[in-house]
>>> print(open('start-v4.txt').read())   # compact mmCIF, C-alpha atoms
# COMPACT_ATOMS: atom_id res chain seq x y z
CA MET V 8 96.79 116.16 7.36
CA ARG V 9 99.98 115.46 5.46
CA ASP V 10 100.03 111.82 6.67
CA GLY V 11 96.37 111.41 5.67
CA SER V 12 97.08 112.78 2.20
CA ILE V 13 99.98 110.35 1.73
CA MET V 14 97.83 107.40 2.83
CA ARG V 15 95.06 108.37 0.41
CA ARG V 16 97.61 108.74 -2.40
CA ARG V 17 99.06 105.28 -1.64
CA HIS V 18 95.61 103.75 -1.55
CA ALA V 19 94.75 105.31 -4.91
CA LEU V 20 98.00 104.04 -6.43
CA SER V 21 97.30 100.58 -5.03
CA LEU V 22 93.82 100.54 -6.58
CA PHE V 23 95.24 101.79 -9.87
CA GLY V 24 97.85 99.00 -9.85
CA ALA V 25 95.22 96.34 -9.15
CA VAL V 26 92.99 97.61 -11.97
CA ALA V 27 95.95 97.79 -14.35
CA ALA V 28 96.99 94.23 -13.48
CA SER V 29 93.43 93.01 -13.98
CA ASN V 30 93.19 94.75 -17.36
CA THR V 31 96.52 93.21 -18.38
CA LEU V 32 95.24 89.72 -17.55
CA LEU V 33 92.01 90.33 -19.46
CA ALA V 34 93.94 91.60 -22.46
CA HIS V 35 96.22 88.57 -22.29
CA ALA V 36 93.21 86.25 -22.22
CA ASP V 37 91.66 88.09 -25.18
CA THR V 38 94.78 87.61 -27.31
CA PHE V 39 95.54 84.09 -26.06
CA PRO V 40 96.93 82.09 -27.74
CA SER V 41 99.40 84.17 -29.69
CA ARG V 42 101.87 81.32 -30.26
CA PRO V 43 101.76 77.50 -30.47
CA ILE V 44 100.43 75.51 -27.52
CA ARG V 45 102.30 72.41 -26.43
CA ILE V 46 100.37 69.39 -25.14
CA VAL V 47 102.71 66.89 -23.50
CA VAL V 48 101.67 63.24 -23.65
CA PRO V 49 103.70 61.56 -20.90
CA GLN V 50 103.33 58.16 -22.56
CA ALA V 51 104.80 56.52 -25.65
CA PRO V 52 103.03 56.95 -29.01
CA GLY V 53 100.13 54.65 -29.79
CA GLY V 54 98.29 54.41 -26.48
CA ASN V 55 95.00 55.99 -25.42
CA SER V 56 96.69 59.12 -24.04
CA ASP V 57 98.56 59.68 -27.29
CA THR V 58 95.56 59.03 -29.54
CA PHE V 59 93.37 61.27 -27.39
CA GLY V 60 95.94 64.06 -27.53
CA ARG V 61 96.36 63.86 -31.30
CA ILE V 62 92.63 63.74 -32.06
CA LEU V 63 92.11 66.73 -29.76
CA THR V 64 94.92 68.85 -31.17
CA GLN V 65 93.79 68.52 -34.78
CA LYS V 66 90.45 70.20 -34.10
CA LEU V 67 91.58 72.46 -31.25
CA GLY V 68 94.17 74.13 -33.47
CA GLU V 69 91.43 75.01 -35.96
CA ARG V 70 89.24 76.52 -33.25
CA LEU V 71 92.06 78.59 -31.76
CA ASN V 72 93.53 79.52 -35.15
CA GLN V 73 96.86 78.54 -33.68
CA GLN V 74 99.13 75.52 -33.89
CA VAL V 75 98.73 72.93 -31.12
CA ILE V 76 101.61 70.47 -30.88
CA VAL V 77 101.76 67.04 -29.23
CA GLU V 78 105.06 66.11 -27.58
CA ASN V 79 105.57 62.57 -26.30
CA LYS V 80 107.68 62.55 -23.14
CA PRO V 81 107.41 58.99 -21.76
CA GLY V 82 109.20 57.61 -18.75
CA ALA V 83 108.66 56.57 -15.12
CA GLY V 84 105.00 55.75 -15.61
CA GLY V 85 104.24 59.13 -17.10
CA THR V 86 105.66 61.11 -14.20
CA LEU V 87 108.60 62.54 -16.16
CA GLY V 88 106.40 64.31 -18.71
CA SER V 89 103.99 65.42 -15.99
CA ALA V 90 106.83 66.93 -13.96
CA LEU V 91 108.04 68.76 -17.05
CA VAL V 92 104.69 70.56 -17.36
CA ALA V 93 104.45 71.18 -13.60
CA LYS V 94 107.67 73.20 -13.87
CA ALA V 95 106.69 75.10 -17.03
CA ALA V 96 105.66 78.76 -17.14
CA PRO V 97 102.03 79.18 -16.01
CA ASP V 98 100.95 80.96 -19.18
CA GLY V 99 98.65 78.35 -20.72
CA TYR V 100 101.08 77.31 -23.44
CA SER V 101 102.12 74.03 -21.78
CA LEU V 102 99.54 71.37 -20.91
CA VAL V 103 99.75 67.68 -20.08
CA VAL V 104 97.41 64.78 -20.79
CA ALA V 105 97.10 63.49 -17.23
CA ASP V 106 95.58 60.14 -16.33
CA ASN V 107 94.79 58.16 -13.21
CA GLY V 108 98.27 56.63 -13.38
CA THR V 109 100.13 59.93 -13.31
CA HIS V 110 97.80 61.76 -10.94
CA ALA V 111 95.91 59.21 -8.81
CA ILE V 112 98.23 56.19 -8.52
CA ALA V 113 101.61 57.96 -8.63
CA PRO V 114 101.27 59.93 -5.35
CA THR V 115 101.22 56.71 -3.32
CA LEU V 116 103.32 54.54 -5.64
CA TYR V 117 106.22 57.03 -5.75
CA GLY V 118 105.61 58.71 -2.41
CA ALA V 119 108.23 61.33 -1.55
CA LYS V 120 110.08 60.55 -4.81
CA LEU V 121 107.27 61.99 -6.92
CA PRO V 122 108.57 65.32 -8.28
CA TYR V 123 105.21 67.07 -8.09
CA ASP V 124 102.11 67.47 -5.94
CA VAL V 125 99.00 66.63 -7.96
CA PHE V 126 96.91 69.21 -6.13
CA LYS V 127 99.39 72.06 -5.62
CA ASP V 128 101.53 71.98 -8.76
CA PHE V 129 98.86 71.91 -11.47
CA THR V 130 95.97 73.98 -12.75
CA PRO V 131 93.08 71.61 -13.53
CA ILE V 132 91.66 72.45 -16.95
CA MET V 133 89.18 69.61 -17.45
CA LEU V 134 88.38 65.94 -17.22
CA GLY V 135 88.38 65.10 -20.93
CA ALA V 136 87.24 61.51 -21.31
CA THR V 137 86.85 58.20 -19.53
CA PHE V 138 87.23 54.65 -20.76
CA PRO V 139 86.21 51.38 -19.14
CA THR V 140 88.48 48.53 -18.13
CA VAL V 141 87.51 44.90 -18.67
CA ILE V 142 89.01 41.81 -17.08
CA ILE V 143 89.51 39.14 -19.71
CA LEU V 144 90.21 35.42 -19.35
CA HIS V 145 92.01 32.86 -21.45
CA PRO V 146 89.44 30.58 -23.17
CA SER V 147 90.82 27.57 -21.29
CA VAL V 148 89.51 28.94 -17.98
CA PRO V 149 86.37 26.88 -17.25
CA ALA V 150 84.54 29.71 -15.43
CA LYS V 151 81.83 31.25 -17.63
CA ASN V 152 80.84 34.14 -15.34
CA VAL V 153 82.03 36.13 -12.34
CA GLN V 154 80.49 33.83 -9.73
CA GLU V 155 82.10 30.75 -11.29
CA PHE V 156 85.45 32.51 -11.54
CA VAL V 157 85.36 33.55 -7.87
CA ALA V 158 84.51 29.97 -6.91
CA LEU V 159 87.33 28.68 -9.12
CA VAL V 160 89.92 30.95 -7.50
CA ARG V 161 88.68 30.12 -4.01
CA GLY V 162 88.99 26.43 -4.79
CA GLN V 163 92.56 26.86 -6.09
CA PRO V 164 94.14 29.56 -3.91
CA GLY V 165 97.40 30.82 -5.40
CA LYS V 166 96.97 28.82 -8.62
CA ILE V 167 95.24 31.35 -10.91
CA SER V 168 97.61 33.99 -12.31
CA TYR V 169 97.10 37.34 -14.00
CA SER V 170 99.40 39.53 -16.06
CA SER V 171 99.85 43.30 -15.93
CA ALA V 172 101.79 46.04 -17.69
CA GLY V 173 103.99 46.35 -14.59
CA THR V 174 103.87 46.50 -10.81
CA GLY V 175 101.75 49.44 -9.70
CA ASN V 176 100.28 49.91 -13.18
CA GLY V 177 96.53 50.40 -13.51
CA SER V 178 96.17 46.92 -15.02
CA HIS V 179 97.78 45.46 -11.90
CA LEU V 180 95.77 47.52 -9.45
CA THR V 181 92.45 46.90 -11.21
CA VAL V 182 92.78 43.18 -10.47
CA GLU V 183 93.89 44.06 -6.94
CA LEU V 184 90.68 46.04 -6.47
CA PHE V 185 88.72 43.08 -7.83
CA ARG V 186 90.48 40.60 -5.52
CA THR V 187 89.77 42.76 -2.48
CA ALA V 188 86.15 43.46 -3.42
CA ALA V 189 85.56 39.73 -3.97
CA GLY V 190 86.65 38.96 -0.44
CA GLY V 191 90.40 38.63 -0.70
CA LEU V 192 90.98 36.15 -3.52
CA GLU V 193 94.46 34.61 -3.69
CA MET V 194 95.85 35.11 -7.19
CA VAL V 195 99.40 35.30 -8.56
CA HIS V 196 100.52 38.56 -10.15
CA VAL V 197 102.89 38.27 -13.13
CA PRO V 198 104.17 41.74 -14.17
CA TYR V 199 105.44 42.43 -17.70
CA LYS V 200 107.21 45.42 -19.20
CA GLY V 201 104.25 46.99 -20.94
CA GLY V 202 100.67 46.31 -21.89
CA ALA V 203 101.37 44.48 -25.15
CA PRO V 204 103.47 41.67 -23.63
CA ALA V 205 100.96 41.36 -20.78
CA VAL V 206 98.15 40.74 -23.27
CA GLN V 207 100.31 38.37 -25.31
CA ALA V 208 100.97 36.36 -22.16
CA LEU V 209 97.23 35.89 -21.70
CA LEU V 210 96.67 34.96 -25.34
CA ALA V 211 99.47 32.40 -25.10
CA GLY V 212 97.94 30.86 -21.99
CA GLU V 213 100.88 31.79 -19.77
CA VAL V 214 98.40 33.47 -17.39
CA GLN V 215 94.66 33.09 -16.96
CA ALA V 216 93.50 36.70 -16.55
CA CYS V 217 94.38 40.27 -17.44
CA ALA V 218 92.80 43.72 -17.03
CA VAL V 219 92.85 45.90 -20.15
CA SER V 220 90.96 48.78 -21.73
CA VAL V 221 87.87 47.78 -23.68
CA ASN V 222 89.32 48.86 -27.03
CA THR V 223 92.38 46.68 -26.43
CA ALA V 224 90.22 43.71 -25.45
CA MET V 225 87.70 43.90 -28.28
CA PRO V 226 89.73 42.29 -31.13
CA HIS V 227 90.70 39.36 -28.91
CA ILE V 228 87.16 38.89 -27.59
CA ASN V 229 85.74 39.01 -31.13
CA SER V 230 88.27 36.48 -32.37
CA GLY V 231 87.55 34.10 -29.51
CA LYS V 232 91.13 34.30 -28.21
CA ALA V 233 89.91 35.83 -24.94
CA ARG V 234 86.66 35.95 -23.00
CA ALA V 235 85.29 38.95 -21.10
CA LEU V 236 84.73 38.30 -17.41
CA GLY V 237 83.26 41.67 -16.47
CA VAL V 238 83.47 45.42 -16.95
CA ALA V 239 85.03 47.37 -14.09
CA SER V 240 82.77 50.42 -14.48
CA ALA V 241 79.64 51.88 -13.00
CA LYS V 242 77.73 51.05 -16.19
CA ARG V 243 78.05 48.65 -19.10
CA SER V 244 80.25 49.58 -22.01
CA PRO V 245 78.50 50.36 -25.32
CA ALA V 246 81.27 48.31 -26.96
CA LEU V 247 80.36 45.27 -24.82
CA PRO V 248 76.65 45.67 -24.11
CA ASP V 249 76.17 42.00 -23.21
CA VAL V 250 78.97 41.94 -20.63
CA PRO V 251 77.72 42.85 -17.14
CA THR V 252 79.63 45.07 -14.76
CA PHE V 253 81.19 43.57 -11.66
CA ILE V 254 78.80 45.67 -9.60
CA GLU V 255 75.88 43.89 -11.28
CA ASN V 256 77.43 40.62 -10.13
CA GLY V 257 77.75 41.72 -6.53
CA ILE V 258 81.44 42.69 -6.64
CA PRO V 259 81.36 46.36 -5.53
CA PHE V 260 84.26 47.99 -7.32
CA GLN V 261 84.95 50.10 -10.37
CA ALA V 262 88.19 51.12 -12.02
CA ASP V 263 87.32 53.53 -14.80
CA SER V 264 90.35 55.11 -16.41
CA TRP V 265 90.32 58.78 -17.34
CA LEU V 266 92.23 61.33 -19.37
CA ALA V 267 92.44 64.98 -18.36
CA LEU V 268 94.11 68.24 -19.34
CA MET V 269 96.19 70.08 -16.76
CA GLY V 270 98.65 72.95 -16.80
CA PRO V 271 101.18 74.29 -14.32
CA ALA V 272 99.89 75.89 -11.15
CA GLY V 273 99.28 79.62 -11.47
CA ILE V 274 97.55 79.85 -14.84
CA SER V 275 95.17 82.82 -14.68
CA ASP V 276 91.47 82.09 -14.25
CA ASP V 277 90.69 83.80 -17.56
CA ILE V 278 93.11 81.69 -19.60
CA ALA V 279 92.12 78.49 -17.78
CA ALA V 280 88.47 79.28 -18.53
CA LYS V 281 89.22 79.93 -22.19
CA LEU V 282 91.15 76.68 -22.50
CA ASN V 283 88.31 74.79 -20.84
CA GLN V 284 85.73 76.38 -23.12
CA GLU V 285 87.62 75.71 -26.35
CA ILE V 286 88.73 72.18 -25.44
CA ALA V 287 85.20 71.28 -24.34
CA ALA V 288 83.75 72.61 -27.59
CA THR V 289 86.33 70.60 -29.54
CA LEU V 290 85.61 67.36 -27.69
CA ARG V 291 81.86 67.80 -28.12
CA GLU V 292 82.06 68.14 -31.89
CA PRO V 293 80.29 65.10 -33.39
CA ASP V 294 83.31 64.11 -35.48
CA THR V 295 85.68 64.27 -32.49
CA ARG V 296 83.27 62.42 -30.22
CA GLU V 297 82.80 59.70 -32.85
CA ARG V 298 86.54 59.22 -33.39
CA LEU V 299 87.12 58.93 -29.65
CA ALA V 300 84.21 56.51 -29.28
CA LYS V 301 85.84 54.18 -31.81
CA ILE V 302 88.74 53.68 -29.40
CA GLY V 303 86.43 53.27 -26.42
CA LEU V 304 86.67 56.80 -25.00
CA GLU V 305 83.56 58.56 -23.71
CA VAL V 306 83.73 62.36 -23.75
CA VAL V 307 83.10 64.09 -20.41
CA ALA V 308 84.47 67.62 -20.91
CA SER V 309 84.00 68.67 -17.30
CA SER V 310 84.93 71.90 -15.61
CA GLY V 311 88.25 72.38 -13.82
CA PRO V 312 86.58 71.97 -10.40
CA GLY V 313 84.99 68.77 -11.72
CA LEU V 314 88.46 67.38 -12.36
CA THR V 315 89.54 68.34 -8.86
CA GLU V 316 86.61 66.36 -7.45
CA VAL V 317 87.73 63.31 -9.43
CA LEU V 318 91.25 63.63 -8.00
CA GLN V 319 89.90 63.97 -4.47
CA ARG V 320 87.96 60.74 -5.00
CA ASP V 321 90.58 58.71 -6.88
CA VAL V 322 93.84 59.55 -5.10
CA PRO V 323 92.74 57.77 -1.89
CA LYS V 324 91.02 54.93 -3.79
CA TRP V 325 94.03 54.05 -5.92
CA GLY V 326 96.36 54.85 -3.04
CA LYS V 327 94.69 52.15 -0.93
CA ALA V 328 95.03 49.69 -3.84
CA VAL V 329 98.76 50.48 -4.06
CA LYS V 330 99.23 49.93 -0.32
CA ASP V 331 97.16 46.74 -0.27
CA SER V 332 99.16 45.32 -3.18
CA GLY V 333 102.51 46.21 -1.65
CA ALA V 334 103.59 47.82 -4.93
CA VAL V 335 106.52 50.23 -4.94
CA ALA V 336 107.96 52.23 -7.81
CA GLU V 337 110.72 50.39 -9.61
>>> encode(input="start-v4.txt", output="structure tokens")
Amino acid sequence: MRDGSIMRRRHALSLFGAVAASNTLLAHADTFPSRPIRIVVPQAPGGNSDTFGRILTQKLGERLNQQVIVENKPGAGGTLGSALVAKAAPDGYSLVVADNGTHAIAPTLYGAKLPYDVFKDFTPIMLGATFPTVIILHPSVPAKNVQEFVALVRGQPGKISYSSAGTGNGSHLTVELFRTAAGGLEMVHVPYKGGAPAVQALLAGEVQACAVSVNTAMPHINSGKARALGVASAKRSPALPDVPTFIENGIPFQADSWLALMGPAGISDDIAAKLNQEIAATLREPDTRERLAKIGLEVVASSGPGLTEVLQRDVPKWGKAVKDSGAVAE
């Protein structure tokens, strides 16, 4: 009888502890956030990740009645800033603007050197926005459409070159995906240290092709200094409604870029849900959506599980592109 009484007492205490812990988490979620939230942008100021983060934080701070701060922590293709957040306290006060470079390309590009596991070391908050990539050509290239360009490259194997923001960068791998999908075209890759010099190389005629985001391409297309070959997305871009996708032209590939919010692994479900709810509401505000649309970003505002599905799809896709290209982290 005495042993039975002790067991019942222990069971009661265990239940009490579980209820108390649950109530503590709920109370924490109710008062969250009680101090500033840090959103790390693992890229230099001025790019899509940075602009997205700053547009988001302005409105999100108002909704949460709390300061939301952007911190730029560039380096190693965005992996340094991402690792910083992966190691932060899982309390919801440190988030990172992840992208397909840091969380879909990096696992294969860096391999064992990558200081985090994209599935185990982060709490997925949401897929925030996507933006299309377009392959542009120098005006001197005689091909006027995808079919003519493919024929041109086939007729001059190893003669047509393309620039990128660096080996293993999304701009490099987008053309690699195109080359493979078009049947293994032989083109010469010319890597540069950053997107700006890669685009300048195309404008100067040093290379014939380059893959860039639509918002980067638009001024050069409008000025006639570059010509759009095709959009590497599942659907046409509203910014380039007359430019067909590669899929429409029988080249079955897409290379949409995306921006997401993630926190360290272990953030409570309640806080993750609150972050998702408030960030989604912020992104869906007409003013926020319009400002993002002006730089070519389309709001998605998915659930956390929706982001996980994107990772499960994109890690192997971009990983294969890395392996096929032979790229290794510098």
>>> closest_residue(input="start-v4.txt", among="V:Leu134, V:Leu209, V:Gly88, V:Gln215", to="Ala150 in chain V", atoms="all atoms listed in the file")
V:Gln215
>>> residues_around(input="start-v4.txt", residues="Ser220 in chain V", least_positions_apart="5", cutoff="12 Å", atoms="all atoms listed in the file", output="PDB file with C-alpha atoms, keeping the file's coordinate frame")
ATOM      1  CA  GLY V  54      98.290  54.410 -26.480  1.00  0.00           C
ATOM      2  CA  ASN V  55      95.000  55.990 -25.420  1.00  0.00           C
ATOM      3  CA  THR V 137      86.850  58.200 -19.530  1.00  0.00           C
ATOM      4  CA  PHE V 138      87.230  54.650 -20.760  1.00  0.00           C
ATOM      5  CA  PRO V 139      86.210  51.380 -19.140  1.00  0.00           C
ATOM      6  CA  THR V 140      88.480  48.530 -18.130  1.00  0.00           C
ATOM      7  CA  VAL V 141      87.510  44.900 -18.670  1.00  0.00           C
ATOM      8  CA  ILE V 142      89.010  41.810 -17.080  1.00  0.00           C
ATOM      9  CA  ILE V 143      89.510  39.140 -19.710  1.00  0.00           C
ATOM     10  CA  SER V 171      99.850  43.300 -15.930  1.00  0.00           C
ATOM     11  CA  ALA V 172     101.790  46.040 -17.690  1.00  0.00           C
ATOM     12  CA  GLY V 177      96.530  50.400 -13.510  1.00  0.00           C
ATOM     13  CA  SER V 178      96.170  46.920 -15.020  1.00  0.00           C
ATOM     14  CA  THR V 181      92.450  46.900 -11.210  1.00  0.00           C
ATOM     15  CA  GLY V 202     100.670  46.310 -21.890  1.00  0.00           C
ATOM     16  CA  ALA V 203     101.370  44.480 -25.150  1.00  0.00           C
ATOM     17  CA  VAL V 206      98.150  40.740 -23.270  1.00  0.00           C
ATOM     18  CA  MET V 225      87.700  43.900 -28.280  1.00  0.00           C
ATOM     19  CA  PRO V 226      89.730  42.290 -31.130  1.00  0.00           C
ATOM     20  CA  HIS V 227      90.700  39.360 -28.910  1.00  0.00           C
ATOM     21  CA  ALA V 235      85.290  38.950 -21.100  1.00  0.00           C
ATOM     22  CA  GLY V 237      83.260  41.670 -16.470  1.00  0.00           C
ATOM     23  CA  VAL V 238      83.470  45.420 -16.950  1.00  0.00           C
ATOM     24  CA  ALA V 239      85.030  47.370 -14.090  1.00  0.00           C
ATOM     25  CA  SER V 240      82.770  50.420 -14.480  1.00  0.00           C
ATOM     26  CA  SER V 244      80.250  49.580 -22.010  1.00  0.00           C
ATOM     27  CA  ALA V 246      81.270  48.310 -26.960  1.00  0.00           C
ATOM     28  CA  LEU V 247      80.360  45.270 -24.820  1.00  0.00           C
ATOM     29  CA  ALA V 262      88.190  51.120 -12.020  1.00  0.00           C
ATOM     30  CA  ASP V 263      87.320  53.530 -14.800  1.00  0.00           C
ATOM     31  CA  SER V 264      90.350  55.110 -16.410  1.00  0.00           C
ATOM     32  CA  TRP V 265      90.320  58.780 -17.340  1.00  0.00           C
ATOM     33  CA  ILE V 302      88.740  53.680 -29.400  1.00  0.00           C
ATOM     34  CA  GLY V 303      86.430  53.270 -26.420  1.00  0.00           C
ATOM     35  CA  LEU V 304      86.670  56.800 -25.000  1.00  0.00           C
TER      36      LEU V 304
END
>>> atom_distance(input="start-v4.txt", atom1="CA of Pro164 in chain V", atom2="CA of Met194 in chain V")
6.7 Å
>>> residues_near_point(input="start-v4.txt", point="(105.4, 72.2, -18.6)", cutoff="10 Å", atoms="only C-alpha atoms", output="list in words")
Arg45, Ile46, Val47, Gly88, Ser89, Ala90, Leu91, Val92, Ala93, Lys94, Ala95, Ala96, Pro97, Asp98, Gly99, Tyr100, Ser101, Leu102, Val103, Phe129, Met269, Gly270, Pro271 and Ala272 of chain V
>>> residues_around(input="start-v4.txt", residues="Ala280 in chain V", least_positions_apart="2", cutoff="10 Å", atoms="only C-alpha atoms", output="list in words")
Ala36, Ile132, Met133, Ile274, Ser275, Asp276, Asp277, Ile278, Leu282, Asn283, Gln284, Glu285, Ile286, Ser310 and Gly311 of chain V
>>> build_atoms(input="start-v4.txt", residues="range 189-218 of chain V", atoms="N, CA and C atoms", output="PDB file, in the frame of the given file")
ATOM      1  N   ALA V 189      86.132  41.078  -3.946  1.00  0.00           N
ATOM      2  CA  ALA V 189      85.560  39.730  -3.970  1.00  0.00           C
ATOM      3  C   ALA V 189      85.838  38.953  -2.700  1.00  0.00           C
ATOM      4  N   GLY V 190      86.434  39.605  -1.725  1.00  0.00           N
ATOM      5  CA  GLY V 190      86.650  38.960  -0.440  1.00  0.00           C
ATOM      6  C   GLY V 190      88.058  38.479  -0.190  1.00  0.00           C
ATOM      7  N   GLY V 191      89.009  38.999  -0.941  1.00  0.00           N
ATOM      8  CA  GLY V 191      90.400  38.630  -0.700  1.00  0.00           C
ATOM      9  C   GLY V 191      90.833  37.381  -1.427  1.00  0.00           C
ATOM     10  N   LEU V 192      90.586  37.314  -2.719  1.00  0.00           N
ATOM     11  CA  LEU V 192      90.980  36.150  -3.520  1.00  0.00           C
ATOM     12  C   LEU V 192      92.499  36.054  -3.607  1.00  0.00           C
ATOM     13  N   GLU V 193      93.012  34.831  -3.571  1.00  0.00           N
ATOM     14  CA  GLU V 193      94.460  34.610  -3.690  1.00  0.00           C
ATOM     15  C   GLU V 193      94.795  34.303  -5.142  1.00  0.00           C
ATOM     16  N   MET V 194      95.437  35.273  -5.814  1.00  0.00           N
ATOM     17  CA  MET V 194      95.850  35.110  -7.190  1.00  0.00           C
ATOM     18  C   MET V 194      97.329  35.497  -7.313  1.00  0.00           C
ATOM     19  N   VAL V 195      97.977  35.031  -8.357  1.00  0.00           N
ATOM     20  CA  VAL V 195      99.400  35.300  -8.560  1.00  0.00           C
ATOM     21  C   VAL V 195      99.566  36.400  -9.608  1.00  0.00           C
ATOM     22  N   HIS V 196     100.273  37.460  -9.230  1.00  0.00           N
ATOM     23  CA  HIS V 196     100.520  38.560 -10.150  1.00  0.00           C
ATOM     24  C   HIS V 196     101.807  38.322 -10.924  1.00  0.00           C
ATOM     25  N   VAL V 197     101.718  38.435 -12.276  1.00  0.00           N
ATOM     26  CA  VAL V 197     102.890  38.270 -13.130  1.00  0.00           C
ATOM     27  C   VAL V 197     103.072  39.577 -13.920  1.00  0.00           C
ATOM     28  N   PRO V 198     103.979  40.455 -13.480  1.00  0.00           N
ATOM     29  CA  PRO V 198     104.170  41.740 -14.170  1.00  0.00           C
ATOM     30  C   PRO V 198     105.019  41.606 -15.427  1.00  0.00           C
ATOM     31  N   TYR V 199     104.670  42.374 -16.458  1.00  0.00           N
ATOM     32  CA  TYR V 199     105.440  42.430 -17.700  1.00  0.00           C
ATOM     33  C   TYR V 199     105.861  43.877 -17.942  1.00  0.00           C
ATOM     34  N   LYS V 200     106.752  44.069 -18.878  1.00  0.00           N
ATOM     35  CA  LYS V 200     107.210  45.420 -19.200  1.00  0.00           C
ATOM     36  C   LYS V 200     106.363  46.006 -20.313  1.00  0.00           C
ATOM     37  N   GLY V 201     105.141  46.376 -19.968  1.00  0.00           N
ATOM     38  CA  GLY V 201     104.250  46.990 -20.940  1.00  0.00           C
ATOM     39  C   GLY V 201     102.966  46.218 -21.144  1.00  0.00           C
ATOM     40  N   GLY V 202     101.976  46.917 -21.690  1.00  0.00           N
ATOM     41  CA  GLY V 202     100.670  46.310 -21.890  1.00  0.00           C
ATOM     42  C   GLY V 202     100.648  45.232 -22.955  1.00  0.00           C
ATOM     43  N   ALA V 203     101.385  45.443 -24.049  1.00  0.00           N
ATOM     44  CA  ALA V 203     101.370  44.480 -25.150  1.00  0.00           C
ATOM     45  C   ALA V 203     101.868  43.103 -24.723  1.00  0.00           C
ATOM     46  N   PRO V 204     103.032  42.999 -24.070  1.00  0.00           N
ATOM     47  CA  PRO V 204     103.470  41.670 -23.630  1.00  0.00           C
ATOM     48  C   PRO V 204     102.551  41.045 -22.578  1.00  0.00           C
ATOM     49  N   ALA V 205     101.889  41.891 -21.776  1.00  0.00           N
ATOM     50  CA  ALA V 205     100.960  41.360 -20.780  1.00  0.00           C
ATOM     51  C   ALA V 205      99.770  40.694 -21.460  1.00  0.00           C
ATOM     52  N   VAL V 206      99.268  41.324 -22.517  1.00  0.00           N
ATOM     53  CA  VAL V 206      98.150  40.740 -23.270  1.00  0.00           C
ATOM     54  C   VAL V 206      98.603  39.488 -24.009  1.00  0.00           C
ATOM     55  N   GLN V 207      99.789  39.534 -24.594  1.00  0.00           N
ATOM     56  CA  GLN V 207     100.310  38.370 -25.310  1.00  0.00           C
ATOM     57  C   GLN V 207     100.466  37.172 -24.375  1.00  0.00           C
ATOM     58  N   ALA V 208     100.833  37.439 -23.130  1.00  0.00           N
ATOM     59  CA  ALA V 208     100.970  36.360 -22.160  1.00  0.00           C
ATOM     60  C   ALA V 208      99.630  35.679 -21.918  1.00  0.00           C
ATOM     61  N   LEU V 209      98.566  36.472 -21.869  1.00  0.00           N
ATOM     62  CA  LEU V 209      97.230  35.890 -21.700  1.00  0.00           C
ATOM     63  C   LEU V 209      96.838  35.079 -22.931  1.00  0.00           C
ATOM     64  N   LEU V 210      97.055  35.644 -24.109  1.00  0.00           N
ATOM     65  CA  LEU V 210      96.670  34.960 -25.340  1.00  0.00           C
ATOM     66  C   LEU V 210      97.426  33.645 -25.509  1.00  0.00           C
ATOM     67  N   ALA V 211      98.651  33.609 -25.001  1.00  0.00           N
ATOM     68  CA  ALA V 211      99.470  32.400 -25.100  1.00  0.00           C
ATOM     69  C   ALA V 211      99.144  31.386 -24.006  1.00  0.00           C
ATOM     70  N   GLY V 212      98.295  31.767 -23.074  1.00  0.00           N
ATOM     71  CA  GLY V 212      97.940  30.860 -21.990  1.00  0.00           C
ATOM     72  C   GLY V 212      98.940  30.798 -20.865  1.00  0.00           C
ATOM     73  N   GLU V 213      99.884  31.748 -20.848  1.00  0.00           N
ATOM     74  CA  GLU V 213     100.880  31.790 -19.770  1.00  0.00           C
ATOM     75  C   GLU V 213     100.238  32.228 -18.454  1.00  0.00           C
ATOM     76  N   VAL V 214      99.196  33.035 -18.553  1.00  0.00           N
ATOM     77  CA  VAL V 214      98.400  33.470 -17.390  1.00  0.00           C
ATOM     78  C   VAL V 214      96.936  33.271 -17.740  1.00  0.00           C
ATOM     79  N   GLN V 215      96.088  33.345 -16.733  1.00  0.00           N
ATOM     80  CA  GLN V 215      94.660  33.090 -16.960  1.00  0.00           C
ATOM     81  C   GLN V 215      93.805  34.344 -17.062  1.00  0.00           C
ATOM     82  N   ALA V 216      94.309  35.475 -16.568  1.00  0.00           N
ATOM     83  CA  ALA V 216      93.500  36.700 -16.550  1.00  0.00           C
ATOM     84  C   ALA V 216      94.358  37.930 -16.792  1.00  0.00           C
ATOM     85  N   CYS V 217      93.685  39.005 -17.195  1.00  0.00           N
ATOM     86  CA  CYS V 217      94.380  40.270 -17.440  1.00  0.00           C
ATOM     87  C   CYS V 217      93.341  41.390 -17.498  1.00  0.00           C
ATOM     88  N   ALA V 218      93.673  42.553 -16.964  1.00  0.00           N
ATOM     89  CA  ALA V 218      92.800  43.720 -17.030  1.00  0.00           C
ATOM     90  C   ALA V 218      93.305  44.672 -18.098  1.00  0.00           C
TER      91      ALA V 218
END
